[in-house]
$ cat query.txt   # compact mmCIF, C-alpha atoms
# COMPACT_ATOMS: atom_id res chain seq x y z
CA MET A 360 0.00 0.00 0.00
CA ASN A 361 1.29 3.43 -0.88
CA ASN A 362 1.63 5.50 2.29
CA GLU A 363 1.84 8.82 0.43
CA VAL A 364 -1.53 10.53 0.28
CA SER A 365 -2.44 13.76 -1.49
CA ASP A 366 -4.84 16.30 0.04
CA SER A 367 -7.78 14.84 -1.90
CA GLU A 368 -6.92 11.19 -1.17
CA TYR A 369 -7.52 9.08 1.87
CA LYS A 370 -5.83 6.16 3.57
CA ILE A 371 -7.85 3.15 4.71
CA LEU A 372 -6.81 2.29 8.25
CA TRP A 373 -9.24 -0.48 9.25
CA ARG A 374 -11.77 -2.71 7.48
CA VAL A 375 -14.34 -5.36 8.32
CA LYS A 376 -16.47 -7.62 6.12
CA ILE A 377 -20.22 -7.31 6.68
CA ALA A 378 -21.77 -9.46 3.93
CA GLY A 379 -22.98 -12.83 5.18
CA ILE A 380 -21.77 -12.14 8.70
CA HIS A 381 -23.67 -9.14 10.08
CA LYS A 382 -27.20 -7.94 9.64
CA PRO A 383 -28.39 -4.37 10.19
CA THR A 384 -29.60 -3.75 13.74
CA GLY A 385 -32.39 -1.52 12.38
CA LYS A 386 -31.23 1.43 14.50
CA THR A 387 -30.54 3.55 11.41
CA GLU A 388 -31.00 3.52 7.63
CA HIS A 389 -29.04 5.21 4.86
CA TYR A 390 -30.70 6.68 1.79
CA SER A 391 -29.63 8.07 -1.57
CA SER A 392 -31.73 9.87 -4.15
CA ASP A 393 -32.72 6.38 -5.40
CA GLY A 394 -34.06 5.28 -2.02
CA LEU A 395 -32.86 2.98 0.75
CA LEU A 396 -29.25 1.88 0.33
CA PRO A 397 -28.45 -1.84 0.47
CA THR A 398 -26.49 -3.38 3.32
CA PRO A 399 -22.80 -2.83 2.59
CA SER A 400 -20.43 -5.71 1.97
CA GLU A 401 -17.65 -4.05 3.93
CA LEU A 402 -17.02 -1.15 6.28
CA GLN A 403 -13.78 0.83 6.12
CA ILE A 404 -12.35 3.45 8.46
CA ALA A 405 -10.31 5.99 6.55
CA GLN A 406 -8.65 9.35 7.03
CA TYR A 407 -8.08 12.07 4.46
CA SER A 408 -4.71 13.77 4.34
CA GLY A 409 -4.79 16.91 6.47
CA ASP A 410 -8.05 15.95 8.22
CA ASP A 411 -8.08 15.19 11.94
CA GLY A 412 -11.31 13.19 11.72
CA PHE A 413 -12.12 9.73 10.43
CA TYR A 414 -14.67 8.44 7.93
CA LEU A 415 -16.64 5.23 8.15
CA PHE A 416 -17.14 4.16 4.53
CA TYR A 417 -19.98 1.81 3.63
CA VAL A 418 -18.76 -0.19 0.60
CA ASP A 419 -20.66 -2.42 -1.84
CA ASP A 420 -19.67 -5.74 -3.48
CA ASP A 421 -17.76 -3.88 -6.22
CA GLY A 422 -15.70 -1.84 -3.75
CA GLU A 423 -17.70 1.34 -4.45
CA GLU A 424 -18.60 3.65 -1.59
CA LEU A 425 -22.33 3.75 -0.88
CA THR A 426 -22.17 6.44 1.81
CA ASP A 427 -20.06 7.52 4.77
CA THR A 428 -20.25 8.97 8.25
CA TYR A 429 -17.74 11.32 9.91
CA HIS A 430 -16.24 10.70 13.35
CA ASP A 431 -13.80 12.55 15.60
CA ASP A 432 -11.82 9.39 16.32
CA ILE A 433 -11.44 5.76 15.28
CA GLN A 434 -13.29 4.60 18.38
CA GLY A 435 -16.32 6.65 17.35
CA ALA A 436 -16.33 5.06 13.90
CA MET A 437 -16.07 1.58 15.43
CA GLU A 438 -18.89 2.38 17.86
CA GLN A 439 -21.07 3.48 14.93
CA ALA A 440 -20.38 0.17 13.14
CA ASN A 441 -21.28 -1.71 16.32
CA TRP A 442 -24.50 0.30 16.72
CA GLU A 443 -25.55 -0.31 13.10
CA TYR A 444 -24.26 -3.86 12.46
CA ALA A 445 -23.14 -5.29 15.84
CA VAL A 446 -19.50 -5.27 14.68
CA LYS A 447 -17.22 -5.86 17.65
CA PRO A 448 -13.83 -4.08 17.87
CA ILE A 449 -11.95 -7.41 17.68
CA GLU A 450 -13.45 -8.08 14.22
CA TRP A 451 -11.71 -5.11 12.58
CA LYS A 452 -8.58 -5.82 10.51
CA LYS A 453 -5.88 -3.15 10.57
CA GLU A 454 -4.43 -2.27 7.18
CA GLU A 455 -0.75 -2.92 6.64
CA GLU A 456 1.49 0.15 6.61
$ encode --input "query.txt" --output "structure tokens"
Amino acid sequence: MNNEVSDSEYKILWRVKIAGIHKPTGKTEHYSSDGLLPTPSELQIAQYSGDDGFYLFYVDDDGEELTDTYHDDIQGAMEQANWEYAVKPIEWKKEEE
């Protein structure tokens, strides 16, 4: 993985597979202009260059981002994933440097 990131790029720090393992808890739903978004296949925690916060990306089967949420820290992003999909902290895989 390339560790150099431009101002408009981000680095994925953590990821967890959702498809076939976790089901939505029903505590929240995400929508686009086309309606209710499907359950993501994977969640990723990423950080943009120059940004102190972290993004929880909701990713489909093709690796495309469906939506995201912003968090002040990694713990907040992991707590959001737990709240929405019952993902435990131990399930996250840290990306190699």
$ atom_distance --input "query.txt" --atom1 "atom CA of Glu401 of chain A" --atom2 "atom CA of Glu450 of chain A"
11.8 Å
$ residues_around --input "query.txt" --residues "Gly385 of chain A" --least-positions-apart "4" --cutoff "10 Å" --atoms "all atoms listed in the file" --output "list of chain:residue names"
A:Trp442, A:Glu443, A:Tyr444
$ atom_distance --input "query.txt" --atom1 "atom CA of Ala378 of chain A" --atom2 "atom CA of Pro399 of chain A"
6.8 Å
$ residues_around --input "query.txt" --residues "segment 419-435 of chain A" --least-positions-apart "3" --cutoff "8 Å" --atoms "all atoms listed in the file" --output "list in words"
His389, Leu396, Thr398, Pro399, Ser400, Glu401, Ile404, Asp411, Gly412, Phe413, Tyr414, Leu415, Phe416, Glu438 and Gln439 of chain A
$ closest_residue --input "query.txt" --among "A:Lys447, A:Gly394, A:Ala436, A:Tyr407" --to "Lys376 of chain A" --atoms "all atoms listed in the file"
A:Lys447
$ atom_distance --input "query.txt" --atom1 "atom CA of Glu454 of chain A" --atom2 "atom CA of Tyr390 of chain A"
28.3 Å
$ residues_around --input "query.txt" --residues "Arg374 of chain A" --least-positions-apart "3" --cutoff "6 Å" --atoms "all atoms listed in the file" --output "PDB file with C-alpha atoms, in the frame of the given file"
ATOM      1  CA  LEU A 402     -17.020  -1.150   6.280  1.00  0.00           C
ATOM      2  CA  GLN A 403     -13.780   0.830   6.120  1.00  0.00           C
ATOM      3  CA  TRP A 451     -11.710  -5.110  12.580  1.00  0.00           C
ATOM      4  CA  LYS A 452      -8.580  -5.820  10.510  1.00  0.00           C
TER       5      LYS A 452
END
$ axis_aligned_box --input "query.txt" --around "segment 419-435 of chain A" --padding-each-side "8 Å" --output "JSON"
{"center_x": -16.9, "center_y": 3.4, "center_z": 6.1, "size_x": 26.9, "size_y": 34.3, "size_z": 40.6}
$ residues_around --input "query.txt" --residues "Lys453 of chain A" --least-positions-apart "6" --cutoff "9 Å" --atoms "only C-alpha atoms" --output "ChimeraX atom specification"
/A:371-374
